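File shown: query_18.pdb (PDB, C-alpha atoms).
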MODEL        1
ATOM      1  CA  MET A   1      15.139   3.426 -12.831
ATOM      2  CA  ASN A   2      12.754   0.735 -11.598
ATOM      3  CA  ILE A   3      10.326   1.934  -8.942
ATOM      4  CA  GLY A   4       7.986  -0.120  -6.802
ATOM      5  CA  ILE A   5       4.968   1.766  -5.493
ATOM      6  CA  CYS A   6       2.743   0.661  -2.643
ATOM      7  CA  GLY A   7      -0.437   2.608  -1.976
ATOM      8  CA  GLY A   8      -2.837   2.313   0.911
ATOM      9  CA  THR A   9      -4.494   4.012   3.831
ATOM     10  CA  PHE A  10      -1.774   2.863   6.253
ATOM     11  CA  ASP A  11      -3.972   3.412   9.296
ATOM     12  CA  PRO A  12      -1.675   2.408  10.915
ATOM     13  CA  PHE A  13       1.378   1.332   8.920
ATOM     14  CA  HIS A  14       2.374  -2.174  10.089
ATOM     15  CA  ARG A  15       4.831  -4.995   9.399
ATOM     16  CA  GLY A  16       2.546  -6.465   6.753
ATOM     17  CA  HIS A  17       2.993  -3.326   4.674
ATOM     18  CA  LEU A  18       6.770  -3.476   4.806
ATOM     19  CA  GLU A  19       8.273  -6.944   5.207
ATOM     20  CA  PRO A  20       6.648  -8.712   2.209
ATOM     21  CA  VAL A  21       7.676  -5.806  -0.042
ATOM     22  CA  LEU A  22      11.282  -5.885   1.147
ATOM     23  CA  ALA A  23      11.349  -9.676   0.727
ATOM     24  CA  ILE A  24      10.805  -9.427  -3.032
ATOM     25  CA  ARG A  25      12.760  -6.247  -3.648
ATOM     26  CA  ARG A  26      15.827  -7.939  -5.135
ATOM     27  CA  GLU A  27      13.695 -10.267  -7.253
ATOM     28  CA  MET A  28      11.797  -7.288  -8.677
ATOM     29  CA  SER A  29      14.990  -5.204  -9.192
ATOM     30  CA  TRP A  30      13.498  -2.088  -7.605
ATOM     31  CA  ASP A  31      15.908   0.818  -7.294
ATOM     32  CA  ARG A  32      13.547   2.537  -4.904
ATOM     33  CA  ILE A  33      10.226   1.840  -3.221
ATOM     34  CA  ILE A  34       7.670   4.576  -2.674
ATOM     35  CA  TYR A  35       4.778   4.307  -0.230
ATOM     36  CA  VAL A  36       1.787   6.473  -1.044
ATOM     37  CA  PRO A  37      -0.728   7.113   1.750
ATOM     38  CA  ALA A  38      -4.135   7.728   0.202
ATOM     39  CA  TRP A  39      -6.286  10.723   0.974
ATOM     40  CA  ARG A  40      -9.332   8.502   0.542
ATOM     41  CA  GLN A  41      -9.394   5.133  -1.172
ATOM     42  CA  PRO A  42     -12.163   4.620  -3.754
ATOM     43  CA  PHE A  43     -13.428   1.427  -2.121
ATOM     44  CA  LYS A  44     -13.347   2.855   1.410
ATOM     45  CA  THR A  45     -15.227   6.117   1.010
ATOM     46  CA  ASP A  46     -17.651   5.145   3.781
ATOM     47  CA  ARG A  47     -14.925   4.716   6.387
ATOM     48  CA  GLU A  48     -13.372   7.230   8.708
ATOM     49  CA  THR A  49      -9.588   7.340   8.920
ATOM     50  CA  SER A  50      -6.985   9.040  11.036
ATOM     51  CA  SER A  51      -5.794  12.412   9.804
ATOM     52  CA  PRO A  52      -3.492  12.457   6.775
ATOM     53  CA  TYR A  53      -0.797  13.963   8.985
ATOM     54  CA  HIS A  54      -0.825  10.982  11.374
ATOM     55  CA  ARG A  55      -0.917   8.376   8.618
ATOM     56  CA  PHE A  56       1.936  10.043   6.737
ATOM     57  CA  ALA A  57       3.998  10.381   9.916
ATOM     58  CA  MET A  58       3.532   6.724  10.867
ATOM     59  CA  SER A  59       4.545   5.646   7.363
ATOM     60  CA  VAL A  60       7.721   7.744   7.550
ATOM     61  CA  LEU A  61       8.613   6.399  10.995
ATOM     62  CA  ALA A  62       8.102   2.797   9.903
ATOM     63  CA  THR A  63      10.311   3.092   6.810
ATOM     64  CA  GLN A  64      13.033   5.445   8.035
ATOM     65  CA  ASN A  65      15.676   2.763   8.605
ATOM     66  CA  ALA A  66      15.416   1.046   5.208
ATOM     67  CA  ASN A  67      17.526   2.168   2.269
ATOM     68  CA  SER A  68      15.861   3.824  -0.727
ATOM     69  CA  LEU A  69      12.384   3.747   0.802
ATOM     70  CA  TYR A  70      10.343   6.906   0.490
ATOM     71  CA  VAL A  71       6.907   8.099   1.520
ATOM     72  CA  SER A  72       5.134  10.396  -0.919
ATOM     73  CA  GLN A  73       2.542  13.045  -0.063
ATOM     74  CA  ILE A  74       1.304  13.104  -3.657
ATOM     75  CA  GLU A  75      -2.229  11.845  -2.895
ATOM     76  CA  LEU A  76      -2.504  13.759   0.363
ATOM     77  CA  GLU A  77      -1.662  17.007  -1.411
ATOM     78  CA  ARG A  78      -4.059  16.251  -4.252
ATOM     79  CA  GLY A  79      -6.961  15.436  -1.931
ATOM     80  CA  GLY A  80     -10.251  13.906  -3.045
ATOM     81  CA  ILE A  81     -10.589  10.267  -4.070
ATOM     82  CA  SER A  82      -7.152   8.718  -4.549
ATOM     83  CA  TYR A  83      -7.265   7.054  -7.945
ATOM     84  CA  THR A  84      -4.197   4.988  -8.812
ATOM     85  CA  VAL A  85      -4.271   5.971 -12.476
ATOM     86  CA  ASP A  86      -3.986   9.661 -11.554
ATOM     87  CA  THR A  87      -1.102   8.974  -9.191
ATOM     88  CA  LEU A  88       0.776   6.915 -11.759
ATOM     89  CA  GLN A  89       0.337   9.656 -14.331
ATOM     90  CA  MET A  90       1.889  12.140 -11.915
ATOM     91  CA  PHE A  91       4.791   9.801 -11.103
ATOM     92  CA  GLN A  92       5.439   9.310 -14.806
ATOM     93  CA  THR A  93       5.869  13.069 -15.112
ATOM     94  CA  MET A  94       8.073  13.235 -12.027
ATOM     95  CA  TYR A  95      10.314  10.321 -13.087
ATOM     96  CA  PRO A  96      10.604  10.424 -16.883
ATOM     97  CA  GLY A  97      11.983   7.195 -18.292
ATOM     98  CA  ALA A  98      11.322   5.179 -15.132
ATOM     99  CA  THR A  99       9.385   1.928 -15.065
ATOM    100  CA  PHE A 100       6.746   1.418 -12.382
ATOM    101  CA  ASP A 101       5.422  -1.590 -10.500
ATOM    102  CA  TRP A 102       2.281  -1.022  -8.444
ATOM    103  CA  ILE A 103       2.266  -3.459  -5.525
ATOM    104  CA  VAL A 104      -1.011  -5.033  -4.440
ATOM    105  CA  GLY A 105      -2.112  -7.858  -2.183
ATOM    106  CA  ASP A 106      -3.621 -10.968  -3.739
ATOM    107  CA  ASP A 107      -6.948 -10.027  -2.141
ATOM    108  CA  ASN A 108      -7.128  -7.014  -4.477
ATOM    109  CA  VAL A 109      -6.619  -8.816  -7.780
ATOM    110  CA  ALA A 110     -10.291  -9.514  -8.397
ATOM    111  CA  GLN A 111     -11.046  -5.776  -8.146
ATOM    112  CA  LEU A 112      -8.370  -4.525 -10.527
ATOM    113  CA  MET A 113     -10.607  -4.325 -13.572
ATOM    114  CA  THR A 114     -13.064  -2.174 -11.600
ATOM    115  CA  TRP A 115     -10.402   0.446 -10.843
ATOM    116  CA  LYS A 116     -10.612   3.745 -12.698
ATOM    117  CA  ASP A 117      -9.445   3.488 -16.337
ATOM    118  CA  PRO A 118      -7.929  -0.030 -16.142
ATOM    119  CA  GLU A 119      -6.630   0.026 -19.703
ATOM    120  CA  ARG A 120      -4.628   3.147 -18.940
ATOM    121  CA  LEU A 121      -3.512   1.647 -15.622
ATOM    122  CA  PHE A 122      -1.829  -1.326 -17.260
ATOM    123  CA  LYS A 123      -0.052   0.924 -19.727
ATOM    124  CA  LEU A 124       1.394   3.035 -16.935
ATOM    125  CA  ALA A 125       2.555   0.236 -14.650
ATOM    126  CA  ARG A 126       2.999  -3.443 -14.136
ATOM    127  CA  PHE A 127       1.072  -4.845 -11.178
ATOM    128  CA  VAL A 128       3.025  -7.000  -8.749
ATOM    129  CA  VAL A 129       0.805  -9.211  -6.632
ATOM    130  CA  LEU A 130       2.045 -10.238  -3.193
ATOM    131  CA  ALA A 131       0.853 -13.833  -3.335
ATOM    132  CA  ARG A 132       0.528 -16.131  -0.363
ATOM    133  CA  GLY A 133       0.718 -19.405  -2.250
ATOM    134  CA  GLY A 134      -2.799 -18.980  -3.605
ATOM    135  CA  PRO A 135      -4.041 -19.789  -7.092
ATOM    136  CA  ALA A 136      -2.993 -17.988 -10.235
ATOM    137  CA  PRO A 137      -5.403 -15.403 -11.635
ATOM    138  CA  ALA A 138      -8.576 -16.738 -13.192
ATOM    139  CA  PRO A 139      -8.415 -17.241 -16.984
ATOM    140  CA  GLU A 140     -10.910 -14.447 -17.605
ATOM    141  CA  MET A 141      -8.713 -12.063 -15.609
ATOM    142  CA  ALA A 142      -5.588 -13.130 -17.499
ATOM    143  CA  LYS A 143      -7.317 -12.479 -20.806
ATOM    144  CA  ARG A 144      -8.321  -8.954 -19.782
ATOM    145  CA  VAL A 145      -4.888  -7.907 -18.547
ATOM    146  CA  ALA A 146      -2.183  -6.966 -21.035
ATOM    147  CA  ALA A 147       0.528  -9.621 -21.346
ATOM    148  CA  GLY A 148       3.191  -9.360 -18.682
ATOM    149  CA  ARG A 149       1.411  -6.579 -16.777
ATOM    150  CA  LEU A 150       0.314  -8.804 -13.885
ATOM    151  CA  VAL A 151       3.101 -10.589 -12.016
ATOM    152  CA  TYR A 152       2.779 -12.839  -8.990
ATOM    153  CA  ALA A 153       5.544 -12.781  -6.371
ATOM    154  CA  GLN A 154       5.304 -15.586  -3.835
ATOM    155  CA  ASN A 155       6.311 -14.715  -0.293
ATOM    156  CA  ASP A 156       5.463 -15.305   3.324
ATOM    157  CA  SER A 157       2.935 -12.680   4.322
ATOM    158  CA  VAL A 158       2.619 -11.134   7.755
ATOM    159  CA  LEU A 159      -0.812 -12.064   9.027
ATOM    160  CA  VAL A 160      -1.942  -8.792  10.525
ATOM    161  CA  SER A 161      -4.401  -6.112   9.513
ATOM    162  CA  SER A 162      -4.760  -2.456  10.390
ATOM    163  CA  THR A 163      -8.272  -3.212  11.676
ATOM    164  CA  GLU A 164      -6.901  -5.790  14.100
ATOM    165  CA  ILE A 165      -4.296  -3.338  15.360
ATOM    166  CA  ARG A 166      -6.881  -0.612  15.928
ATOM    167  CA  ASN A 167      -9.070  -3.092  17.808
ATOM    168  CA  ARG A 168      -6.141  -4.142  19.997
ATOM    169  CA  VAL A 169      -5.344  -0.535  20.867
ATOM    170  CA  ARG A 170      -8.972   0.079  21.762
ATOM    171  CA  ALA A 171      -8.931  -3.015  23.974
ATOM    172  CA  GLY A 172      -5.718  -1.948  25.723
ATOM    173  CA  GLN A 173      -3.701  -4.834  24.246
ATOM    174  CA  SER A 174      -0.107  -4.707  23.032
ATOM    175  CA  ILE A 175       0.589  -4.052  19.348
ATOM    176  CA  ASP A 176       4.382  -4.293  19.555
ATOM    177  CA  ALA A 177       4.468  -7.541  17.572
ATOM    178  CA  PHE A 178       2.692  -5.941  14.626
ATOM    179  CA  VAL A 179       4.177  -2.455  14.212
ATOM    180  CA  ASP A 180       7.571  -0.818  14.525
ATOM    181  CA  PRO A 181       8.222   0.260  18.139
ATOM    182  CA  VAL A 182       8.388   3.922  17.104
ATOM    183  CA  VAL A 183       4.971   3.597  15.449
ATOM    184  CA  SER A 184       3.589   2.002  18.601
ATOM    185  CA  ARG A 185       4.917   4.894  20.686
ATOM    186  CA  TYR A 186       3.483   7.395  18.215
ATOM    187  CA  ILE A 187       0.034   5.790  18.418
ATOM    188  CA  HIS A 188       0.023   5.840  22.198
ATOM    189  CA  HIS A 189       1.511   9.336  22.432
ATOM    190  CA  TYR A 190      -1.282  10.813  20.315
ATOM    191  CA  GLY A 191      -4.001   8.544  21.698
ATOM    192  CA  LEU A 192      -4.946   7.182  18.274
ATOM    193  CA  TYR A 193      -7.627   4.494  17.887
ATOM    194  CA  LYS A 194      -8.939   4.858  21.416
ATOM    195  CA  GLU A 195     -12.463   5.654  20.304
ATOM    196  CA  GLU A 196     -14.900   3.527  18.351
ATOM    197  CA  ARG A 197     -15.323   4.730  14.802
ATOM    198  CA  LYS A 198     -17.242   3.918  11.651
ATOM    199  CA  THR A 199     -15.603   1.075   9.658
TER     200      THR A 199
ENDMDL
END
Output the file's structure in the form of structure tokens.
Amino acid sequence: MNIGICGGTFDPFHRGHLEPVLAIRREMSWDRIIYVPAWRQPFKTDRETSSPYHRFAMSVLATQNANSLYVSQIELERGGISYTVDTLQMFQTMYPGATFDWIVGDDNVAQLMTWKDPERLFKLARFVVLARGGPAPAPEMAKRVAAGRLVYAQNDSVLVSSTEIRNRVRAGQSIDAFVDPVVSRYIHHYGLYKEERKT
């Protein structure tokens, strides 16, 4: 079984989290795709987020109509800092014999070697980079990553960010072009993102 995994805060989950991944699904031969909302991302420990319950619920609502898409509570149940290497180790135990692709945006490539236990990371999974027509990885990066463990997948990205969506909600502007309608209704029903918060 080939599994694509996409981690993130998903605060909120938007089209940019879903459409580029689905666009390369056939190319990557993924049998299933798993989204993993983080309890707290290592590089965002100084930021406040919505409750894990809300972020998990929005992720489920946004992916419910796509085949073989799942949302895992693995990092929410574990708590603490959500390190990718720990999550991959747990998935390896849960899906013996499976191969894993961890999906990242091209803006995260430069940080990969600063993630916890990078050598172990690249043994546990291949990293699929959602590229927007940008340059290939720098030579020094290519030398430090095991052969074939960093793959670029070109696709048209959805130019939207969770920060922009939160700002639009706070300003009373529509977000229907950026999130699934059920996610939009969920946000407004629970009054999420109405207040200024530390970012």
Starting from the PyMOL selection byres ((chain A and resi 103) around 6), expand the selection into actual residues of this file and give them as a ChimeraX atom specification. /A:5-6,102,104,127-128
Can you pull out every residue within 9 Å of range 57-63 of chain A, counting all atoms listed in the file, but drop anything in the same chain fewer than 4 positions away, and send it as a list in words?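 Final neighbour list, sorted by chain and number: Phe10, Asp11, Pro12, Phe13, His14, Arg15, Leu18, Tyr35, Val36, Pro37, Pro52, Tyr53, Asn67, Leu69, Tyr70, Val71, Val179, Asp180, Pro181, Val182, Val183, Tyr186 and Ile187 of chain A.
Interatomic distance, CA of Phe178 in chain A against CA of Ser51 in chain A: 20.8 Å.
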Write out as number ranges by chain which residues come within 7 Å of Thr99 in chain A when counting only C-alpha atoms, dropping same-chain ones fewer than 4 positions away. A: 1-3
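With CA of Tyr193 in chain A on one side and CA of Arg47 in chain A on the other, the separation reads 13.6 Å.
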Separation of CA of Thr9 in chain A from CA of Asp101 in chain A in Å: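 A separation of 18.3 Å between them.
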Would you mind telling me which residue in A:Met113, A:Leu76, A:Gly97, A:Gln154 lies nearest to Glu27 in chain A when using only C-alpha atoms? A:Gln154
Selection result for the PyMOL selection byres ((chain A and resi 90) around 12) on this file, as a VMD selection string: chain A and resid 72 to 75 78 83 to 89 91 to 96 100 124
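Of the residues listed (A:Ser162, A:Ser174, A:Asn155, A:Gln41), A:Gln41 shows the shortest atom-to-atom separation from Trp115 in chain A; distances use all atoms listed in the file.
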Just checking: using only C-alpha atoms, which residue out of A:Lys194, A:Arg40, A:His189, A:Arg26 ends up closest to Gln173 in chain A?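 Answer, going by the shortest atom-to-atom distance: A:Lys194.
Distances from A:Arg149, A:Asp156, A:Leu130, A:Ala98 to Pro118 in chain A were compared using only C-alpha atoms, and the smallest one belongs to A:Arg149.
Among the candidate residues A:Tyr190, A:Phe56, A:Phe122, A:Phe43, the one lying nearest to Asn108 in chain A is A:Phe43, with distances computed using all atoms listed in the file.
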